[in-house]
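As stored in entry.cif (mmCIF, C-alpha atoms; chains and numbers go by the auth columns):
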```cif
data_protein
#
loop_
_atom_site.group_PDB
_atom_site.id
_atom_site.type_symbol
_atom_site.label_atom_id
_atom_site.label_comp_id
_atom_site.label_asym_id
_atom_site.label_seq_id
_atom_site.Cartn_x
_atom_site.Cartn_y
_atom_site.Cartn_z
_atom_site.B_iso_or_equiv
_atom_site.auth_seq_id
_atom_site.auth_asym_id
ATOM 1 C CA MET A 1 42.400 -1.128 19.444 0.00 29 A
ATOM 2 C CA ALA A 2 39.095 -1.812 21.168 0.00 30 A
ATOM 3 C CA VAL A 3 37.811 1.687 20.392 0.00 31 A
ATOM 4 C CA ALA A 4 38.771 1.362 16.712 0.00 32 A
ATOM 5 C CA PHE A 5 37.058 -2.025 16.534 0.00 33 A
ATOM 6 C CA THR A 6 33.912 -0.603 18.141 0.00 34 A
ATOM 7 C CA LYS A 7 33.806 2.287 15.694 0.00 35 A
ATOM 8 C CA GLU A 8 34.270 -0.047 12.746 0.00 36 A
ATOM 9 C CA GLU A 9 31.553 -2.341 14.051 0.00 37 A
ATOM 10 C CA SER A 10 29.223 0.633 14.551 0.00 38 A
ATOM 11 C CA PHE A 11 29.945 1.878 11.025 0.00 39 A
ATOM 12 C CA GLU A 12 29.209 -1.560 9.558 0.00 40 A
ATOM 13 C CA THR A 13 26.022 -1.846 11.594 0.00 41 A
ATOM 14 C CA ALA A 14 24.933 1.628 10.540 0.00 42 A
ATOM 15 C CA SER A 15 25.440 0.803 6.878 0.00 43 A
ATOM 16 C CA GLU A 16 23.442 -2.412 7.316 0.00 44 A
ATOM 17 C CA THR A 17 20.502 -0.535 8.817 0.00 45 A
ATOM 18 C CA LEU A 18 20.240 2.300 6.291 0.00 46 A
ATOM 19 C CA LEU A 19 17.323 0.909 4.366 0.00 47 A
ATOM 20 C CA PRO A 20 16.289 2.402 1.045 0.00 48 A
ATOM 21 C CA ASP A 21 12.969 4.224 1.054 0.00 49 A
ATOM 22 C CA ARG A 22 9.886 2.289 0.025 0.00 50 A
ATOM 23 C CA PRO A 23 8.964 3.287 -3.526 0.00 51 A
ATOM 24 C CA VAL A 24 6.148 5.816 -3.800 0.00 52 A
ATOM 25 C CA SER A 25 3.769 5.437 -6.719 0.00 53 A
ATOM 26 C CA PRO A 26 3.747 8.183 -9.356 0.00 54 A
ATOM 27 C CA HIS A 27 -0.076 7.933 -9.558 0.00 55 A
ATOM 28 C CA PRO A 28 -2.385 10.228 -7.575 0.00 56 A
ATOM 29 C CA ASN A 29 -2.868 8.802 -4.072 0.00 57 A
ATOM 30 C CA LEU A 30 -6.618 8.247 -4.178 0.00 58 A
ATOM 31 C CA VAL A 31 -8.022 6.601 -1.046 0.00 59 A
ATOM 32 C CA THR A 32 -11.349 5.425 0.275 0.00 60 A
ATOM 33 C CA GLU A 33 -12.369 6.326 3.813 0.00 61 A
ATOM 34 C CA ALA A 34 -11.343 2.836 4.967 0.00 62 A
ATOM 35 C CA GLY A 35 -8.025 3.212 3.122 0.00 63 A
ATOM 36 C CA LEU A 36 -7.274 6.503 4.851 0.00 64 A
ATOM 37 C CA LYS A 37 -8.054 4.999 8.254 0.00 65 A
ATOM 38 C CA ALA A 38 -5.800 2.030 7.464 0.00 66 A
ATOM 39 C CA LEU A 39 -2.924 4.379 6.541 0.00 67 A
ATOM 40 C CA GLU A 40 -3.418 6.299 9.800 0.00 68 A
ATOM 41 C CA LEU A 41 -3.406 3.052 11.803 0.00 69 A
ATOM 42 C CA GLN A 42 -0.274 1.790 10.042 0.00 70 A
ATOM 43 C CA PHE A 43 1.431 5.111 10.755 0.00 71 A
ATOM 44 C CA GLN A 44 0.497 4.851 14.447 0.00 72 A
ATOM 45 C CA GLN A 45 1.776 1.256 14.610 0.00 73 A
ATOM 46 C CA ALA A 46 5.059 2.223 12.926 0.00 74 A
ATOM 47 C CA ARG A 47 5.429 5.128 15.392 0.00 75 A
ATOM 48 C CA GLU A 48 4.859 2.769 18.334 0.00 76 A
ATOM 49 C CA ALA A 49 7.379 0.254 16.966 0.00 77 A
ATOM 50 C CA TYR A 50 9.932 3.035 16.449 0.00 78 A
ATOM 51 C CA ASP A 51 9.356 4.449 19.950 0.00 79 A
ATOM 52 C CA ALA A 52 9.720 0.989 21.510 0.00 80 A
ATOM 53 C CA ALA A 53 12.966 0.314 19.624 0.00 81 A
ATOM 54 C CA SER A 54 14.363 3.773 20.406 0.00 82 A
ATOM 55 C CA ILE A 55 14.806 2.939 24.086 0.00 83 A
ATOM 56 C CA ILE A 56 17.096 -0.041 23.438 0.00 84 A
ATOM 57 C CA GLU A 57 20.400 0.744 25.115 0.00 85 A
ATOM 58 C CA ASP A 58 22.753 -1.092 22.758 0.00 86 A
ATOM 59 C CA VAL A 59 23.313 1.358 19.891 0.00 87 A
ATOM 60 C CA ASN A 60 23.808 -1.349 17.257 0.00 88 A
ATOM 61 C CA GLU A 61 20.671 -3.227 18.249 0.00 89 A
ATOM 62 C CA ARG A 62 18.733 0.059 18.432 0.00 90 A
ATOM 63 C CA ARG A 63 19.793 0.876 14.855 0.00 91 A
ATOM 64 C CA ARG A 64 18.714 -2.559 13.672 0.00 92 A
ATOM 65 C CA GLN A 65 15.361 -2.401 15.463 0.00 93 A
ATOM 66 C CA THR A 66 14.485 1.149 14.374 0.00 94 A
ATOM 67 C CA ALA A 67 15.425 0.735 10.689 0.00 95 A
ATOM 68 C CA ASN A 68 12.155 -0.780 9.436 0.00 96 A
ATOM 69 C CA PRO A 69 9.779 1.389 11.494 0.00 97 A
ATOM 70 C CA LEU A 70 11.702 4.524 10.468 0.00 98 A
ATOM 71 C CA ARG A 71 11.475 3.599 6.792 0.00 99 A
ATOM 72 C CA ASP A 72 7.752 2.840 7.199 0.00 100 A
ATOM 73 C CA LEU A 73 7.191 6.173 8.957 0.00 101 A
ATOM 74 C CA ARG A 74 8.765 8.065 6.063 0.00 102 A
ATOM 75 C CA TYR A 75 6.652 6.174 3.524 0.00 103 A
ATOM 76 C CA LEU A 76 3.392 6.434 5.469 0.00 104 A
ATOM 77 C CA ALA A 77 3.912 10.139 6.232 0.00 105 A
ATOM 78 C CA ALA A 78 4.311 10.785 2.500 0.00 106 A
ATOM 79 C CA ARG A 79 1.215 8.725 1.682 0.00 107 A
ATOM 80 C CA LEU A 80 -0.871 10.474 4.332 0.00 108 A
ATOM 81 C CA ARG A 81 0.352 13.882 3.159 0.00 109 A
ATOM 82 C CA THR A 82 -0.666 13.148 -0.444 0.00 110 A
ATOM 83 C CA ALA A 83 -3.859 11.168 0.262 0.00 111 A
ATOM 84 C CA GLN A 84 -6.899 12.355 -1.681 0.00 112 A
ATOM 85 C CA LEU A 85 -10.038 11.094 0.041 0.00 113 A
ATOM 86 C CA MET A 86 -12.541 10.085 -2.620 0.00 114 A
ATOM 87 C CA PRO A 87 -16.261 10.042 -1.894 0.00 115 A
ATOM 88 C CA ASP A 88 -18.205 6.836 -2.390 0.00 116 A
ATOM 89 C CA PRO A 89 -19.694 6.622 -5.883 0.00 117 A
ATOM 90 C CA THR A 90 -23.103 8.302 -6.100 0.00 118 A
ATOM 91 C CA SER A 91 -24.269 6.094 -8.950 0.00 119 A
ATOM 92 C CA THR A 92 -24.111 2.445 -9.877 0.00 120 A
ATOM 93 C CA ASP A 93 -24.608 3.200 -13.568 0.00 121 A
ATOM 94 C CA VAL A 94 -20.898 2.969 -14.403 0.00 122 A
ATOM 95 C CA VAL A 95 -17.824 1.543 -12.699 0.00 123 A
ATOM 96 C CA ALA A 96 -15.910 4.210 -10.752 0.00 124 A
ATOM 97 C CA PHE A 97 -13.355 4.495 -7.961 0.00 125 A
ATOM 98 C CA GLY A 98 -14.943 2.870 -4.906 0.00 126 A
ATOM 99 C CA SER A 99 -17.371 0.750 -6.948 0.00 127 A
ATOM 100 C CA THR A 100 -17.791 -2.940 -6.351 0.00 128 A
ATOM 101 C CA VAL A 101 -17.987 -4.631 -9.722 0.00 129 A
ATOM 102 C CA THR A 102 -18.942 -8.207 -10.520 0.00 130 A
ATOM 103 C CA PHE A 103 -17.905 -9.657 -13.863 0.00 131 A
ATOM 104 C CA ARG A 104 -17.931 -12.991 -15.651 0.00 132 A
ATOM 105 C CA ARG A 105 -14.908 -14.293 -17.508 0.00 133 A
ATOM 106 C CA ASN A 106 -15.421 -16.201 -20.749 0.00 134 A
ATOM 107 C CA ASP A 107 -14.329 -19.391 -18.929 0.00 135 A
ATOM 108 C CA GLY A 108 -17.414 -19.016 -16.686 0.00 136 A
ATOM 109 C CA ARG A 109 -15.699 -17.738 -13.528 0.00 137 A
ATOM 110 C CA VAL A 110 -17.502 -14.905 -11.764 0.00 138 A
ATOM 111 C CA GLN A 111 -15.393 -12.461 -9.756 0.00 139 A
ATOM 112 C CA THR A 112 -16.238 -9.470 -7.598 0.00 140 A
ATOM 113 C CA TYR A 113 -13.787 -6.697 -6.732 0.00 141 A
ATOM 114 C CA ARG A 114 -13.988 -3.277 -5.148 0.00 142 A
ATOM 115 C CA ILE A 115 -11.835 -0.645 -6.851 0.00 143 A
ATOM 116 C CA VAL A 116 -9.705 1.111 -4.212 0.00 144 A
ATOM 117 C CA GLY A 117 -6.443 3.002 -3.687 0.00 145 A
ATOM 118 C CA GLU A 118 -3.054 1.408 -4.220 0.00 146 A
ATOM 119 C CA ASP A 119 -2.149 1.022 -0.542 0.00 147 A
ATOM 120 C CA GLU A 120 -5.382 -0.751 0.332 0.00 148 A
ATOM 121 C CA ALA A 121 -5.421 -3.127 -2.639 0.00 149 A
ATOM 122 C CA ASP A 122 -5.610 -6.798 -1.651 0.00 150 A
ATOM 123 C CA PRO A 123 -6.929 -8.985 -4.484 0.00 151 A
ATOM 124 C CA LYS A 124 -7.394 -11.993 -2.184 0.00 152 A
ATOM 125 C CA ALA A 125 -9.752 -9.834 -0.096 0.00 153 A
ATOM 126 C CA GLY A 126 -11.598 -8.612 -3.202 0.00 154 A
ATOM 127 C CA LEU A 127 -9.858 -5.207 -3.384 0.00 155 A
ATOM 128 C CA ILE A 128 -8.007 -4.105 -6.522 0.00 156 A
ATOM 129 C CA SER A 129 -6.101 -0.900 -7.160 0.00 157 A
ATOM 130 C CA TYR A 130 -7.653 1.659 -9.463 0.00 158 A
ATOM 131 C CA VAL A 131 -4.415 1.597 -11.490 0.00 159 A
ATOM 132 C CA SER A 132 -4.475 -2.178 -12.007 0.00 160 A
ATOM 133 C CA PRO A 133 -5.007 -3.276 -15.608 0.00 161 A
ATOM 134 C CA VAL A 134 -8.424 -4.833 -14.901 0.00 162 A
ATOM 135 C CA ALA A 135 -9.704 -1.803 -12.976 0.00 163 A
ATOM 136 C CA ARG A 136 -8.534 0.561 -15.699 0.00 164 A
ATOM 137 C CA LEU A 137 -10.439 -1.467 -18.302 0.00 165 A
ATOM 138 C CA LEU A 138 -13.613 -1.615 -16.196 0.00 166 A
ATOM 139 C CA MET A 139 -13.814 2.015 -15.066 0.00 167 A
ATOM 140 C CA GLY A 140 -16.380 4.008 -16.991 0.00 168 A
ATOM 141 C CA LYS A 141 -18.148 0.887 -18.258 0.00 169 A
ATOM 142 C CA ALA A 142 -21.751 -0.133 -17.442 0.00 170 A
ATOM 143 C CA ALA A 143 -23.433 -3.432 -16.573 0.00 171 A
ATOM 144 C CA GLY A 144 -23.660 -5.551 -19.724 0.00 172 A
ATOM 145 C CA ASP A 145 -20.475 -4.063 -21.214 0.00 173 A
ATOM 146 C CA ALA A 146 -17.600 -6.395 -22.041 0.00 174 A
ATOM 147 C CA VAL A 147 -13.876 -5.672 -22.136 0.00 175 A
ATOM 148 C CA GLU A 148 -10.869 -7.659 -23.335 0.00 176 A
ATOM 149 C CA ALA A 149 -8.271 -8.472 -20.667 0.00 177 A
ATOM 150 C CA GLY A 150 -5.313 -10.746 -21.219 0.00 178 A
ATOM 151 C CA GLY A 151 -6.974 -12.688 -23.999 0.00 179 A
ATOM 152 C CA GLN A 152 -10.206 -13.113 -22.040 0.00 180 A
ATOM 153 C CA GLU A 153 -13.476 -11.290 -22.281 0.00 181 A
ATOM 154 C CA LEU A 154 -14.852 -9.849 -19.046 0.00 182 A
ATOM 155 C CA GLU A 155 -18.581 -9.075 -19.006 0.00 183 A
ATOM 156 C CA ILE A 156 -19.790 -6.741 -16.277 0.00 184 A
ATOM 157 C CA ILE A 157 -22.722 -8.346 -14.478 0.00 185 A
ATOM 158 C CA ALA A 158 -23.341 -5.885 -11.640 0.00 186 A
ATOM 159 C CA ILE A 159 -22.066 -2.624 -10.146 0.00 187 A
ATOM 160 C CA ALA A 160 -22.629 -1.725 -6.524 0.00 188 A
#
```
Rewrite the structure from the file as structure tokens, please.
Amino acid sequence: MAVAFTKEESFETASETLLPDRPVSPHPNLVTEAGLKALELQFQQAREAYDAASIIEDVNERRRQTANPLRDLRYLAARLRTAQLMPDPTSTDVVAFGSTVTFRRNDGRVQTYRIVGEDEADPKAGLISYVSPVARLLMGKAAGDAVEAGGQELEIIAIA
């Protein structure tokens, strides 16, 4: 009886720790140099977390503790494998991948964002993904151009 109970418990634990893969974007995996370094660091941290959890003696606890790092390793390995390092823009004439663009909304707010890869996007830190709606509208435009976004007009003030 004890062996059957242990096997059942192990099966239940195993099914609890089989996490679905993190979704991978269908868009090209464009990255800045900082974005590539961040992916490499995240991969290293996930590897360290997995290695640390792999030495746990209790099989059920080991499965629980390795589930997230293992899922992250699969995701990050795929992102590193497909990463396309993009050079910094050579011109500030038009908005491009890697540009920092400042624009004014018609309500008077001025915002500045750098256009980066999907994995490094963090709007609160001033980083937006090149596939975001605002970035897609701004790319290819020059200072002084205006675009319509969500019922508001955005006028490009500066490109760096």
Handout entry: Neighbour list for A:Ala174 as a ChimeraX atom specification, cut-off 8 Å, only C-alpha atoms, skip fewer than 2 positions in-chain
Key = /A:172,176,181-184
Considering only C-alpha atoms, give me a table of residues in stretch 120-141 of chain A that are at most 12 Å from stretch 92-116 of chain A, with the closest atom pair and distance in Å for each, as a Markdown table.
```
| residue | atom | partner | partner_atom | distance |
| --- | --- | --- | --- | --- |
| A:Thr120 | CA | A:Asp116 | CA | 10.5 |
| A:Val123 | CA | A:Asp116 | CA | 11.6 |
| A:Ala124 | CA | A:Asp116 | CA | 9.1 |
| A:Phe125 | CA | A:Asp116 | CA | 7.7 |
| A:Gly126 | CA | A:Asp116 | CA | 5.7 |
| A:Ser127 | CA | A:Asp116 | CA | 7.6 |
| A:Thr128 | CA | A:Asp116 | CA | 10.6 |
```
Can I get the selected residues back with C-alpha atoms, as a CSV table (one decimal), keeping the file's coordinate frame?
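again.csv written:
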```csv
chain,number,residue,atom,x,y,z
A,120,THR,CA,-24.1,2.4,-9.9
A,123,VAL,CA,-17.8,1.5,-12.7
A,124,ALA,CA,-15.9,4.2,-10.8
A,125,PHE,CA,-13.4,4.5,-8.0
A,126,GLY,CA,-14.9,2.9,-4.9
A,127,SER,CA,-17.4,0.8,-6.9
A,128,THR,CA,-17.8,-2.9,-6.4
```
Quiz prompt | Spatial sel., origin (-25.7, 1.8, -12.9), limit 8 Å, only C-alpha atoms, listed as number ranges by chain | solution = A: 119-123, 170-171, 187-188
Using all atoms listed in the file, the best pick from A:Leu155, A:Val129, A:Val87, A:Val138 as closest to A:Ala62 would be A:Leu155
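Picture a line from atom CA of A:Asp147 to atom CA of A:Val162; it runs 16.7 Å.
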**Asked** To one decimal place, how far is atom CA of A:Ile185 from atom CA of A:Arg133 in Å?
**Response**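 So the two atoms, atom CA of A:Ile185 and atom CA of A:Arg133, lie 10.3 Å apart.
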Problem set entry | Counting all atoms listed in the file, the residue of A:Val159, A:Val175, A:Leu166, A:Ala74 that sits nearest A:Glu146 |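 Distance minimum relative to A:Glu146 lands on A:Val159.
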Stretch 68-84 of chain A: axis-aligned bounding box, 3 Å on each side, centre and edge lengths in Å, one decimal, as AutoDock Vina command-line options:
```
--center_x 6.8 --center_y 3.1 --center_z 16.9 --size_x 26.5 --size_y 12.3 --size_z 20.3
```
Here atom CA of A:Asn134 and atom CA of A:Arg164 stand apart by 18.8 Å
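With all atoms listed in the file as the basis for measurement, A:Arg91 is the residue among A:Gln72, A:Arg91, A:Ser82, A:Glu61 that approaches A:Leu46 most closely.
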Can you patch up stretch 115-135 of chain A, filling it in to N, CA and C atoms, and show the result as a PDB file, in the coordinates of the input?
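rebuild_6.pdb was written with the following content:
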```
ATOM      1  N   PRO A 115     -14.934  10.409  -2.399  1.00  0.00           N
ATOM      2  CA  PRO A 115     -16.261  10.042  -1.894  1.00  0.00           C
ATOM      3  C   PRO A 115     -16.715   8.724  -2.506  1.00  0.00           C
ATOM      4  N   ASP A 116     -17.625   8.051  -1.819  1.00  0.00           N
ATOM      5  CA  ASP A 116     -18.205   6.836  -2.390  1.00  0.00           C
ATOM      6  C   ASP A 116     -18.947   7.217  -3.668  1.00  0.00           C
ATOM      7  N   PRO A 117     -18.992   6.313  -4.639  1.00  0.00           N
ATOM      8  CA  PRO A 117     -19.694   6.622  -5.883  1.00  0.00           C
ATOM      9  C   PRO A 117     -21.169   6.940  -5.600  1.00  0.00           C
ATOM     10  N   THR A 118     -21.708   7.906  -6.298  1.00  0.00           N
ATOM     11  CA  THR A 118     -23.103   8.302  -6.100  1.00  0.00           C
ATOM     12  C   THR A 118     -24.041   7.542  -7.030  1.00  0.00           C
ATOM     13  N   SER A 119     -23.458   6.812  -7.970  1.00  0.00           N
ATOM     14  CA  SER A 119     -24.269   6.094  -8.950  1.00  0.00           C
ATOM     15  C   SER A 119     -23.689   4.704  -9.170  1.00  0.00           C
ATOM     16  N   THR A 120     -24.566   3.786  -9.512  1.00  0.00           N
ATOM     17  CA  THR A 120     -24.111   2.445  -9.877  1.00  0.00           C
ATOM     18  C   THR A 120     -24.297   2.209 -11.382  1.00  0.00           C
ATOM     19  N   ASP A 121     -24.428   3.306 -12.120  1.00  0.00           N
ATOM     20  CA  ASP A 121     -24.608   3.200 -13.568  1.00  0.00           C
ATOM     21  C   ASP A 121     -23.322   2.779 -14.274  1.00  0.00           C
ATOM     22  N   VAL A 122     -22.187   3.314 -13.808  1.00  0.00           N
ATOM     23  CA  VAL A 122     -20.898   2.969 -14.403  1.00  0.00           C
ATOM     24  C   VAL A 122     -19.886   2.670 -13.302  1.00  0.00           C
ATOM     25  N   VAL A 123     -18.881   1.897 -13.635  1.00  0.00           N
ATOM     26  CA  VAL A 123     -17.824   1.543 -12.699  1.00  0.00           C
ATOM     27  C   VAL A 123     -16.958   2.769 -12.429  1.00  0.00           C
ATOM     28  N   ALA A 124     -16.721   3.055 -11.147  1.00  0.00           N
ATOM     29  CA  ALA A 124     -15.910   4.210 -10.752  1.00  0.00           C
ATOM     30  C   ALA A 124     -15.048   3.823  -9.554  1.00  0.00           C
ATOM     31  N   PHE A 125     -14.162   4.721  -9.160  1.00  0.00           N
ATOM     32  CA  PHE A 125     -13.355   4.495  -7.961  1.00  0.00           C
ATOM     33  C   PHE A 125     -14.313   4.266  -6.795  1.00  0.00           C
ATOM     34  N   GLY A 126     -14.083   3.203  -6.039  1.00  0.00           N
ATOM     35  CA  GLY A 126     -14.943   2.870  -4.906  1.00  0.00           C
ATOM     36  C   GLY A 126     -16.071   1.917  -5.253  1.00  0.00           C
ATOM     37  N   SER A 127     -16.307   1.679  -6.540  1.00  0.00           N
ATOM     38  CA  SER A 127     -17.371   0.750  -6.948  1.00  0.00           C
ATOM     39  C   SER A 127     -16.967  -0.686  -6.651  1.00  0.00           C
ATOM     40  N   THR A 128     -17.987  -1.498  -6.413  1.00  0.00           N
ATOM     41  CA  THR A 128     -17.791  -2.940  -6.351  1.00  0.00           C
ATOM     42  C   THR A 128     -18.388  -3.485  -7.641  1.00  0.00           C
ATOM     43  N   VAL A 129     -17.564  -4.164  -8.398  1.00  0.00           N
ATOM     44  CA  VAL A 129     -17.987  -4.631  -9.722  1.00  0.00           C
ATOM     45  C   VAL A 129     -17.877  -6.152  -9.785  1.00  0.00           C
ATOM     46  N   THR A 130     -18.924  -6.758 -10.325  1.00  0.00           N
ATOM     47  CA  THR A 130     -18.942  -8.207 -10.520  1.00  0.00           C
ATOM     48  C   THR A 130     -18.911  -8.449 -12.022  1.00  0.00           C
ATOM     49  N   PHE A 131     -18.011  -9.351 -12.435  1.00  0.00           N
ATOM     50  CA  PHE A 131     -17.905  -9.657 -13.863  1.00  0.00           C
ATOM     51  C   PHE A 131     -17.709 -11.152 -14.063  1.00  0.00           C
ATOM     52  N   ARG A 132     -18.074 -11.586 -15.278  1.00  0.00           N
ATOM     53  CA  ARG A 132     -17.931 -12.991 -15.651  1.00  0.00           C
ATOM     54  C   ARG A 132     -16.844 -13.083 -16.717  1.00  0.00           C
ATOM     55  N   ARG A 133     -15.942 -14.017 -16.506  1.00  0.00           N
ATOM     56  CA  ARG A 133     -14.908 -14.293 -17.508  1.00  0.00           C
ATOM     57  C   ARG A 133     -15.480 -15.267 -18.534  1.00  0.00           C
ATOM     58  N   ASN A 134     -14.873 -15.311 -19.718  1.00  0.00           N
ATOM     59  CA  ASN A 134     -15.421 -16.201 -20.749  1.00  0.00           C
ATOM     60  C   ASN A 134     -15.223 -17.683 -20.413  1.00  0.00           C
ATOM     61  N   ASP A 135     -14.448 -17.996 -19.369  1.00  0.00           N
ATOM     62  CA  ASP A 135     -14.329 -19.391 -18.929  1.00  0.00           C
ATOM     63  C   ASP A 135     -15.401 -19.733 -17.875  1.00  0.00           C
TER      64      ASP A 135
END
```
